[in-house]
>>> print(open('query30.cif').read())   # mmCIF, N, CA and C atoms
data_input
#
loop_
_atom_site.label_atom_id
_atom_site.label_comp_id
_atom_site.auth_asym_id
_atom_site.auth_seq_id
_atom_site.Cartn_x
_atom_site.Cartn_y
_atom_site.Cartn_z
N MET P 852 6.49 20.91 -12.14
CA MET P 852 7.52 20.47 -13.07
C MET P 852 8.08 19.10 -12.65
N ILE P 853 8.21 18.91 -11.35
CA ILE P 853 8.73 17.63 -10.86
C ILE P 853 7.79 16.50 -11.26
N ASP P 854 6.49 16.69 -11.03
CA ASP P 854 5.53 15.64 -11.39
C ASP P 854 5.51 15.39 -12.90
N GLU P 855 5.57 16.45 -13.68
CA GLU P 855 5.58 16.28 -15.15
C GLU P 855 6.83 15.51 -15.58
N THR P 856 7.94 15.79 -14.96
CA THR P 856 9.18 15.10 -15.32
C THR P 856 9.10 13.63 -14.93
N TYR P 857 8.50 13.35 -13.78
CA TYR P 857 8.30 11.95 -13.39
C TYR P 857 7.46 11.21 -14.42
N GLU P 858 6.42 11.86 -14.91
CA GLU P 858 5.57 11.23 -15.93
C GLU P 858 6.39 10.92 -17.18
N LYS P 859 7.17 11.87 -17.64
CA LYS P 859 8.01 11.64 -18.82
C LYS P 859 9.03 10.55 -18.56
N LEU P 860 9.60 10.55 -17.37
CA LEU P 860 10.58 9.53 -17.02
C LEU P 860 9.96 8.14 -17.10
N GLU P 861 8.80 7.97 -16.52
CA GLU P 861 8.14 6.65 -16.55
C GLU P 861 7.78 6.25 -17.99
N GLU P 862 7.37 7.23 -18.76
CA GLU P 862 7.03 6.99 -20.16
C GLU P 862 8.26 6.49 -20.93
N ARG P 863 9.40 7.13 -20.74
CA ARG P 863 10.62 6.81 -21.47
C ARG P 863 11.32 5.57 -20.93
N ALA P 864 11.19 5.32 -19.62
CA ALA P 864 11.93 4.22 -19.01
C ALA P 864 11.10 2.94 -18.91
N GLY P 865 9.83 3.02 -19.26
CA GLY P 865 8.93 1.89 -19.10
C GLY P 865 9.45 0.58 -19.65
N ASP P 866 9.85 0.55 -20.88
CA ASP P 866 10.34 -0.68 -21.52
C ASP P 866 11.81 -0.57 -21.88
N VAL P 867 12.57 0.13 -21.05
CA VAL P 867 13.97 0.34 -21.37
C VAL P 867 14.68 -1.00 -21.51
N ASP P 868 15.52 -1.07 -22.53
CA ASP P 868 16.21 -2.30 -22.90
C ASP P 868 17.70 -1.98 -23.02
N ALA P 869 18.52 -2.87 -22.53
CA ALA P 869 19.97 -2.65 -22.53
C ALA P 869 20.53 -2.42 -23.94
N ASP P 870 19.84 -2.90 -24.96
CA ASP P 870 20.34 -2.77 -26.33
C ASP P 870 19.73 -1.60 -27.10
N ASP P 871 18.88 -0.84 -26.45
CA ASP P 871 18.22 0.28 -27.12
C ASP P 871 18.84 1.60 -26.65
N ASP P 872 19.92 2.00 -27.34
CA ASP P 872 20.66 3.20 -26.94
C ASP P 872 19.78 4.45 -26.89
N ALA P 873 18.89 4.60 -27.86
CA ALA P 873 18.06 5.80 -27.91
C ALA P 873 17.15 5.87 -26.68
N ARG P 874 16.59 4.75 -26.30
CA ARG P 874 15.70 4.72 -25.13
C ARG P 874 16.50 4.93 -23.83
N LEU P 875 17.68 4.35 -23.77
CA LEU P 875 18.55 4.55 -22.60
C LEU P 875 18.89 6.04 -22.46
N GLU P 876 19.26 6.66 -23.56
CA GLU P 876 19.60 8.07 -23.53
C GLU P 876 18.40 8.94 -23.17
N SER P 877 17.23 8.58 -23.68
CA SER P 877 16.03 9.34 -23.38
C SER P 877 15.67 9.24 -21.89
N ALA P 878 15.77 8.05 -21.33
CA ALA P 878 15.49 7.87 -19.91
C ALA P 878 16.53 8.60 -19.07
N ALA P 879 17.79 8.53 -19.47
CA ALA P 879 18.86 9.22 -18.74
C ALA P 879 18.63 10.73 -18.79
N TYR P 880 18.18 11.23 -19.92
CA TYR P 880 17.89 12.66 -20.05
C TYR P 880 16.77 13.09 -19.10
N GLN P 881 15.77 12.24 -18.95
CA GLN P 881 14.69 12.55 -18.03
C GLN P 881 15.15 12.49 -16.57
N LEU P 882 16.06 11.58 -16.25
CA LEU P 882 16.65 11.56 -14.90
C LEU P 882 17.40 12.88 -14.64
N HIS P 883 18.14 13.31 -15.65
CA HIS P 883 18.86 14.59 -15.60
C HIS P 883 17.86 15.72 -15.35
N ASN P 884 16.76 15.74 -16.10
CA ASN P 884 15.75 16.78 -15.96
C ASN P 884 15.08 16.72 -14.59
N LEU P 885 14.86 15.52 -14.10
CA LEU P 885 14.23 15.37 -12.78
C LEU P 885 15.09 16.01 -11.71
N TYR P 886 16.38 15.71 -11.72
CA TYR P 886 17.24 16.31 -10.71
C TYR P 886 17.26 17.84 -10.85
N ASN P 887 17.29 18.32 -12.09
CA ASN P 887 17.26 19.77 -12.31
C ASN P 887 16.00 20.40 -11.72
N ALA P 888 14.86 19.75 -11.90
CA ALA P 888 13.60 20.28 -11.37
C ALA P 888 13.63 20.32 -9.84
N VAL P 889 14.16 19.27 -9.23
CA VAL P 889 14.28 19.24 -7.77
C VAL P 889 15.25 20.32 -7.31
N GLU P 890 16.35 20.46 -8.01
CA GLU P 890 17.34 21.47 -7.64
C GLU P 890 16.74 22.88 -7.74
N ASP P 891 15.88 23.10 -8.71
CA ASP P 891 15.20 24.40 -8.83
C ASP P 891 14.34 24.66 -7.59
N LEU P 892 13.67 23.63 -7.10
CA LEU P 892 12.89 23.77 -5.87
C LEU P 892 13.80 24.13 -4.69
N LEU P 893 14.92 23.45 -4.59
CA LEU P 893 15.87 23.74 -3.50
C LEU P 893 16.39 25.16 -3.58
N ARG P 894 16.70 25.63 -4.79
CA ARG P 894 17.18 27.01 -4.95
C ARG P 894 16.11 28.02 -4.59
N LEU P 895 14.88 27.71 -4.93
CA LEU P 895 13.77 28.59 -4.59
C LEU P 895 13.65 28.74 -3.07
N VAL P 896 13.71 27.63 -2.36
CA VAL P 896 13.64 27.67 -0.89
C VAL P 896 14.83 28.45 -0.34
N ALA P 897 16.02 28.18 -0.86
CA ALA P 897 17.21 28.90 -0.38
C ALA P 897 17.07 30.40 -0.61
N THR P 898 16.54 30.79 -1.74
CA THR P 898 16.37 32.21 -2.05
C THR P 898 15.34 32.87 -1.14
N VAL P 899 14.21 32.21 -0.93
CA VAL P 899 13.15 32.77 -0.10
C VAL P 899 13.64 33.00 1.33
N PHE P 900 14.45 32.08 1.82
CA PHE P 900 14.92 32.19 3.20
C PHE P 900 16.30 32.84 3.30
N GLU P 901 16.74 33.43 2.19
CA GLU P 901 18.05 34.10 2.13
C GLU P 901 19.16 33.19 2.64
N ASN P 902 19.06 31.98 2.24
CA ASN P 902 20.05 30.98 2.61
C ASN P 902 20.83 30.63 1.34
N GLN P 903 21.30 31.65 0.65
CA GLN P 903 21.95 31.46 -0.63
C GLN P 903 23.39 31.01 -0.45
N ILE P 904 23.90 30.42 -1.49
CA ILE P 904 25.28 29.96 -1.49
C ILE P 904 26.07 30.90 -2.38
N ALA P 905 26.92 31.71 -1.77
CA ALA P 905 27.70 32.71 -2.52
C ALA P 905 28.84 32.06 -3.28
N ASP P 906 29.47 31.06 -2.71
CA ASP P 906 30.59 30.37 -3.34
C ASP P 906 30.05 29.51 -4.48
N THR P 907 30.44 29.83 -5.70
CA THR P 907 29.91 29.09 -6.84
C THR P 907 30.60 27.75 -7.07
N GLY P 908 31.72 27.51 -6.41
CA GLY P 908 32.39 26.22 -6.52
C GLY P 908 31.62 25.17 -5.74
N ARG P 909 31.27 24.09 -6.37
CA ARG P 909 30.56 22.97 -5.74
C ARG P 909 29.22 23.39 -5.14
N TRP P 910 28.58 24.37 -5.74
CA TRP P 910 27.32 24.87 -5.17
C TRP P 910 26.21 23.84 -5.23
N HIS P 911 26.25 22.91 -6.18
CA HIS P 911 25.19 21.91 -6.28
C HIS P 911 25.13 21.05 -5.02
N ILE P 912 26.27 20.55 -4.60
CA ILE P 912 26.30 19.70 -3.40
C ILE P 912 26.06 20.54 -2.15
N LYS P 913 26.55 21.76 -2.13
CA LYS P 913 26.35 22.62 -0.97
C LYS P 913 24.87 22.95 -0.78
N LEU P 914 24.19 23.21 -1.87
CA LEU P 914 22.76 23.49 -1.81
C LEU P 914 22.01 22.27 -1.27
N LEU P 915 22.32 21.11 -1.80
CA LEU P 915 21.66 19.89 -1.36
C LEU P 915 21.89 19.65 0.14
N ARG P 916 23.12 19.83 0.57
CA ARG P 916 23.44 19.66 2.01
C ARG P 916 22.67 20.66 2.87
N ARG P 917 22.66 21.92 2.44
CA ARG P 917 21.98 22.95 3.23
C ARG P 917 20.50 22.64 3.40
N MET P 918 19.89 22.13 2.36
CA MET P 918 18.46 21.86 2.44
C MET P 918 18.15 20.65 3.33
N SER P 919 19.17 19.92 3.72
CA SER P 919 18.96 18.78 4.62
C SER P 919 19.22 19.18 6.08
N HIS P 920 19.53 20.46 6.30
CA HIS P 920 19.78 20.95 7.66
C HIS P 920 18.83 22.09 8.00
N GLN P 921 18.42 22.11 9.24
CA GLN P 921 17.61 23.21 9.76
C GLN P 921 18.51 24.43 9.92
N VAL P 922 17.96 25.59 9.64
CA VAL P 922 18.65 26.84 9.93
C VAL P 922 17.88 27.45 11.10
N GLU P 923 18.46 27.33 12.27
CA GLU P 923 17.81 27.75 13.51
C GLU P 923 17.24 29.17 13.40
N GLY P 924 15.96 29.29 13.73
CA GLY P 924 15.30 30.58 13.70
C GLY P 924 14.93 31.08 12.32
N VAL P 925 15.27 30.31 11.28
CA VAL P 925 15.00 30.75 9.91
C VAL P 925 14.06 29.79 9.20
N ARG P 926 14.43 28.52 9.16
CA ARG P 926 13.59 27.54 8.47
C ARG P 926 13.94 26.13 8.95
N PRO P 927 12.97 25.22 8.83
CA PRO P 927 13.29 23.81 9.14
C PRO P 927 14.05 23.19 7.97
N ALA P 928 14.58 22.02 8.20
CA ALA P 928 15.21 21.27 7.10
C ALA P 928 14.12 20.94 6.08
N LEU P 929 14.47 21.00 4.83
CA LEU P 929 13.51 20.62 3.78
C LEU P 929 13.60 19.13 3.51
N LEU P 930 14.80 18.57 3.54
CA LEU P 930 15.02 17.18 3.15
C LEU P 930 15.40 16.31 4.34
N SER P 931 14.82 15.13 4.38
CA SER P 931 15.23 14.14 5.38
C SER P 931 16.58 13.55 4.93
N SER P 932 17.24 12.86 5.84
CA SER P 932 18.54 12.26 5.49
C SER P 932 18.38 11.21 4.38
N GLU P 933 17.28 10.48 4.40
CA GLU P 933 17.05 9.46 3.36
C GLU P 933 16.83 10.11 1.99
N THR P 934 16.04 11.16 1.96
CA THR P 934 15.81 11.89 0.71
C THR P 934 17.11 12.49 0.21
N TYR P 935 17.87 13.08 1.13
CA TYR P 935 19.17 13.66 0.78
C TYR P 935 20.07 12.61 0.11
N ARG P 936 20.16 11.44 0.73
CA ARG P 936 21.03 10.38 0.21
C ARG P 936 20.64 9.99 -1.22
N LEU P 937 19.35 9.79 -1.44
CA LEU P 937 18.89 9.41 -2.78
C LEU P 937 19.11 10.53 -3.79
N LEU P 938 18.82 11.76 -3.39
CA LEU P 938 19.03 12.90 -4.30
C LEU P 938 20.51 13.10 -4.60
N ASP P 939 21.36 12.84 -3.64
CA ASP P 939 22.79 12.98 -3.89
C ASP P 939 23.24 11.97 -4.95
N GLY P 940 22.69 10.78 -4.91
CA GLY P 940 22.98 9.80 -5.96
C GLY P 940 22.50 10.28 -7.32
N LEU P 941 21.30 10.86 -7.36
CA LEU P 941 20.78 11.39 -8.63
C LEU P 941 21.59 12.59 -9.10
N ARG P 942 22.08 13.38 -8.16
CA ARG P 942 22.95 14.51 -8.50
C ARG P 942 24.22 14.00 -9.18
N SER P 943 24.78 12.94 -8.63
CA SER P 943 25.99 12.34 -9.22
C SER P 943 25.72 11.82 -10.62
N PHE P 944 24.56 11.18 -10.80
CA PHE P 944 24.20 10.68 -12.13
C PHE P 944 24.03 11.84 -13.10
N ARG P 945 23.38 12.92 -12.64
CA ARG P 945 23.19 14.09 -13.50
C ARG P 945 24.53 14.66 -13.94
N ARG P 946 25.47 14.69 -13.00
CA ARG P 946 26.81 15.20 -13.32
C ARG P 946 27.48 14.32 -14.37
N PHE P 947 27.38 13.01 -14.18
CA PHE P 947 27.92 12.07 -15.16
C PHE P 947 27.27 12.31 -16.53
N PHE P 948 25.95 12.40 -16.55
CA PHE P 948 25.22 12.56 -17.81
C PHE P 948 25.63 13.84 -18.52
N ARG P 949 25.79 14.91 -17.78
CA ARG P 949 26.15 16.20 -18.38
C ARG P 949 27.52 16.18 -19.05
N HIS P 950 28.39 15.30 -18.58
CA HIS P 950 29.76 15.28 -19.08
C HIS P 950 30.09 14.01 -19.86
N ALA P 951 29.09 13.24 -20.19
CA ALA P 951 29.30 11.98 -20.90
C ALA P 951 29.13 12.17 -22.41
N TYR P 952 29.94 13.03 -22.95
CA TYR P 952 29.78 13.41 -24.36
C TYR P 952 29.93 12.22 -25.32
N THR P 953 30.88 11.37 -25.07
CA THR P 953 31.12 10.26 -26.00
C THR P 953 30.90 8.91 -25.33
N THR P 954 30.38 8.91 -24.13
CA THR P 954 30.17 7.66 -23.40
C THR P 954 28.74 7.19 -23.57
N SER P 955 28.57 5.91 -23.77
CA SER P 955 27.22 5.34 -23.84
C SER P 955 26.66 5.24 -22.43
N ILE P 956 25.35 5.28 -22.34
CA ILE P 956 24.68 5.13 -21.05
C ILE P 956 24.72 3.66 -20.65
N ASP P 957 25.24 3.41 -19.47
CA ASP P 957 25.32 2.05 -18.94
C ASP P 957 23.95 1.65 -18.41
N TYR P 958 23.43 0.55 -18.92
CA TYR P 958 22.10 0.07 -18.55
C TYR P 958 21.97 -0.13 -17.05
N ASP P 959 22.94 -0.81 -16.44
CA ASP P 959 22.86 -1.09 -15.00
C ASP P 959 22.87 0.19 -14.18
N LEU P 960 23.69 1.14 -14.57
CA LEU P 960 23.75 2.42 -13.87
C LEU P 960 22.42 3.16 -14.00
N LEU P 961 21.84 3.10 -15.18
CA LEU P 961 20.55 3.74 -15.39
C LEU P 961 19.48 3.10 -14.50
N ILE P 962 19.45 1.78 -14.43
CA ILE P 962 18.45 1.07 -13.63
C ILE P 962 18.60 1.43 -12.15
N VAL P 963 19.82 1.49 -11.66
CA VAL P 963 20.06 1.87 -10.26
C VAL P 963 19.49 3.26 -10.00
N ASN P 964 19.71 4.18 -10.92
CA ASN P 964 19.23 5.54 -10.73
C ASN P 964 17.74 5.69 -10.95
N LEU P 965 17.16 4.86 -11.79
CA LEU P 965 15.70 4.83 -11.92
C LEU P 965 15.07 4.41 -10.60
N ARG P 966 15.67 3.41 -9.95
CA ARG P 966 15.17 2.97 -8.64
C ARG P 966 15.25 4.11 -7.63
N LYS P 967 16.37 4.81 -7.63
CA LYS P 967 16.51 5.95 -6.71
C LYS P 967 15.43 6.99 -6.97
N ALA P 968 15.20 7.30 -8.23
CA ALA P 968 14.18 8.31 -8.58
C ALA P 968 12.80 7.85 -8.12
N ARG P 969 12.51 6.59 -8.30
CA ARG P 969 11.20 6.08 -7.87
C ARG P 969 11.09 6.06 -6.35
N GLN P 970 12.17 5.78 -5.67
CA GLN P 970 12.15 5.77 -4.20
C GLN P 970 12.02 7.19 -3.64
N VAL P 971 12.66 8.14 -4.28
CA VAL P 971 12.68 9.50 -3.74
C VAL P 971 11.35 10.23 -3.92
N LYS P 972 10.56 9.85 -4.89
CA LYS P 972 9.31 10.59 -5.17
C LYS P 972 8.41 10.71 -3.94
N PRO P 973 7.99 9.61 -3.30
CA PRO P 973 7.12 9.77 -2.12
C PRO P 973 7.84 10.42 -0.94
N LEU P 974 9.14 10.21 -0.84
CA LEU P 974 9.90 10.82 0.26
C LEU P 974 9.97 12.33 0.10
N LEU P 975 10.21 12.78 -1.12
CA LEU P 975 10.27 14.22 -1.39
C LEU P 975 8.91 14.86 -1.14
N GLU P 976 7.85 14.20 -1.59
CA GLU P 976 6.51 14.72 -1.35
C GLU P 976 6.24 14.84 0.15
N ARG P 977 6.62 13.82 0.90
CA ARG P 977 6.44 13.83 2.36
C ARG P 977 7.26 14.97 2.98
N ASP P 978 8.52 15.11 2.54
CA ASP P 978 9.39 16.14 3.10
C ASP P 978 8.86 17.54 2.83
N VAL P 979 8.36 17.78 1.63
CA VAL P 979 7.82 19.10 1.29
C VAL P 979 6.57 19.39 2.13
N GLU P 980 5.70 18.39 2.27
CA GLU P 980 4.50 18.57 3.10
C GLU P 980 4.89 18.88 4.55
N LYS P 981 5.85 18.15 5.08
CA LYS P 981 6.30 18.37 6.46
C LYS P 981 6.91 19.77 6.60
N PHE P 982 7.72 20.17 5.63
CA PHE P 982 8.36 21.49 5.62
C PHE P 982 7.29 22.59 5.68
N LEU P 983 6.31 22.49 4.81
CA LEU P 983 5.26 23.49 4.77
C LEU P 983 4.44 23.50 6.06
N GLU P 984 4.19 22.32 6.59
CA GLU P 984 3.46 22.20 7.86
C GLU P 984 4.23 22.89 8.99
N GLN P 985 5.53 22.67 9.02
CA GLN P 985 6.35 23.28 10.07
C GLN P 985 6.40 24.81 9.93
N LEU P 986 6.23 25.28 8.72
CA LEU P 986 6.20 26.74 8.50
C LEU P 986 4.82 27.32 8.82
N GLY P 987 3.86 26.43 9.00
CA GLY P 987 2.50 26.89 9.26
C GLY P 987 1.75 27.28 8.00
N ALA P 988 2.22 26.78 6.86
CA ALA P 988 1.57 27.08 5.58
C ALA P 988 0.27 26.29 5.47
N PRO P 989 -0.73 26.87 4.86
CA PRO P 989 -2.04 26.17 4.70
C PRO P 989 -1.95 25.02 3.73
#
>>> encode(input="query30.cif", output="structure tokens")
Amino acid sequence: MIDETYEKLEERAGDVDADDDARLESAAYQLHNLYNAVEDLLRLVATVFENQIADTGRWHIKLLRRMSHQVEGVRPALLSSETYRLLDGLRSFRRFFRHAYTTSIDYDLLIVNLRKARQVKPLLERDVEKFLEQLGAP
């Protein structure tokens, strides 16, 4: 799902123009979807290792933080500090997008977050490979 969302994101953001509200909104929606797909991966890991977050207040940030820390004797960290930082920025953008009912998408803000999404892709892939390797997964 993450790879498919990246493809859609690149498709929608390819020729994004500051004056094209529909394209800005479409690219922003794909950024929103990208973070959701990554968050689903994080929740899956948390569930498998019984590292769930019972407190539903601020669970999005708590989940992201937990996945950047090793749980001694249970699992290695899933995310590096650099990946965490970029994903936290995308999490903030997703939060903004979810609550921006009457606000237009700011072109500069979108571009900053597109850069973050593009930077995080190889880092996330590396982190997942390292995580699986540390678990001894084939």
>>> residues_around(input="query30.cif", residues="segment 914-929 of chain P", least_positions_apart="4", cutoff="7 Å", atoms="only N, CA and C atoms", output="ChimeraX atom specification")
/P:893,900,904,909-910,935,978-979,982,985-986
>>> atom_distance(input="query30.cif", atom1="atom C of Glu855 of chain P", atom2="atom N of Gly987 of chain P")
27.1 Å
>>> atom_distance(input="query30.cif", atom1="atom C of Glu984 of chain P", atom2="atom CA of Glu858 of chain P")
27.5 Å
>>> select_by_dssp(input="query30.cif", residues="segment 912-948 of chain P", states="helix (DSSP H, G or I)", output="tab-separated table (two decimals) with N, CA and C atoms, keeping the file's coordinate frame")
chain	number	residue	atom	x	y	z
P	912	ILE	N	26.27	20.55	-4.60
P	912	ILE	CA	26.30	19.70	-3.40
P	912	ILE	C	26.06	20.54	-2.15
P	913	LYS	N	26.55	21.76	-2.13
P	913	LYS	CA	26.35	22.62	-0.97
P	913	LYS	C	24.87	22.95	-0.78
P	914	LEU	N	24.19	23.21	-1.87
P	914	LEU	CA	22.76	23.49	-1.81
P	914	LEU	C	22.01	22.27	-1.27
P	915	LEU	N	22.32	21.11	-1.80
P	915	LEU	CA	21.66	19.89	-1.36
P	915	LEU	C	21.89	19.65	0.14
P	916	ARG	N	23.12	19.83	0.57
P	916	ARG	CA	23.44	19.66	2.01
P	916	ARG	C	22.67	20.66	2.87
P	917	ARG	N	22.66	21.92	2.44
P	917	ARG	CA	21.98	22.95	3.23
P	917	ARG	C	20.50	22.64	3.40
P	918	MET	N	19.89	22.13	2.36
P	918	MET	CA	18.46	21.86	2.44
P	918	MET	C	18.15	20.65	3.33
P	932	SER	N	17.24	12.86	5.84
P	932	SER	CA	18.54	12.26	5.49
P	932	SER	C	18.38	11.21	4.38
P	933	GLU	N	17.28	10.48	4.40
P	933	GLU	CA	17.05	9.46	3.36
P	933	GLU	C	16.83	10.11	1.99
P	934	THR	N	16.04	11.16	1.96
P	934	THR	CA	15.81	11.89	0.71
P	934	THR	C	17.11	12.49	0.21
P	935	TYR	N	17.87	13.08	1.13
P	935	TYR	CA	19.17	13.66	0.78
P	935	TYR	C	20.07	12.61	0.11
P	936	ARG	N	20.16	11.44	0.73
P	936	ARG	CA	21.03	10.38	0.21
P	936	ARG	C	20.64	9.99	-1.22
P	937	LEU	N	19.35	9.79	-1.44
P	937	LEU	CA	18.89	9.41	-2.78
P	937	LEU	C	19.11	10.53	-3.79
P	938	LEU	N	18.82	11.76	-3.39
P	938	LEU	CA	19.03	12.90	-4.30
P	938	LEU	C	20.51	13.10	-4.60
P	939	ASP	N	21.36	12.84	-3.64
P	939	ASP	CA	22.79	12.98	-3.89
P	939	ASP	C	23.24	11.97	-4.95
P	940	GLY	N	22.69	10.78	-4.91
P	940	GLY	CA	22.98	9.80	-5.96
P	940	GLY	C	22.50	10.28	-7.32
P	941	LEU	N	21.30	10.86	-7.36
P	941	LEU	CA	20.78	11.39	-8.63
P	941	LEU	C	21.59	12.59	-9.10
P	942	ARG	N	22.08	13.38	-8.16
P	942	ARG	CA	22.95	14.51	-8.50
P	942	ARG	C	24.22	14.00	-9.18
P	943	SER	N	24.78	12.94	-8.63
P	943	SER	CA	25.99	12.34	-9.22
P	943	SER	C	25.72	11.82	-10.62
P	944	PHE	N	24.56	11.18	-10.80
P	944	PHE	CA	24.20	10.68	-12.13
P	944	PHE	C	24.03	11.84	-13.10
P	945	ARG	N	23.38	12.92	-12.64
P	945	ARG	CA	23.19	14.09	-13.50
P	945	ARG	C	24.53	14.66	-13.94
P	946	ARG	N	25.47	14.69	-13.00
P	946	ARG	CA	26.81	15.20	-13.32
P	946	ARG	C	27.48	14.32	-14.37
P	947	PHE	N	27.38	13.01	-14.18
P	947	PHE	CA	27.92	12.07	-15.16
P	947	PHE	C	27.27	12.31	-16.53
P	948	PHE	N	25.95	12.40	-16.55
P	948	PHE	CA	25.22	12.56	-17.81
P	948	PHE	C	25.63	13.84	-18.52
>>> closest_residue(input="query30.cif", among="P:Leu975, P:Leu875, P:Ala888, P:Leu983", to="Thr856 of chain P", atoms="all atoms listed in the file")
P:Ala888
>>> closest_residue(input="query30.cif", among="P:Val963, P:Ala864, P:Leu937, P:Leu974", to="Glu876 of chain P", atoms="only C-alpha atoms")
P:Ala864
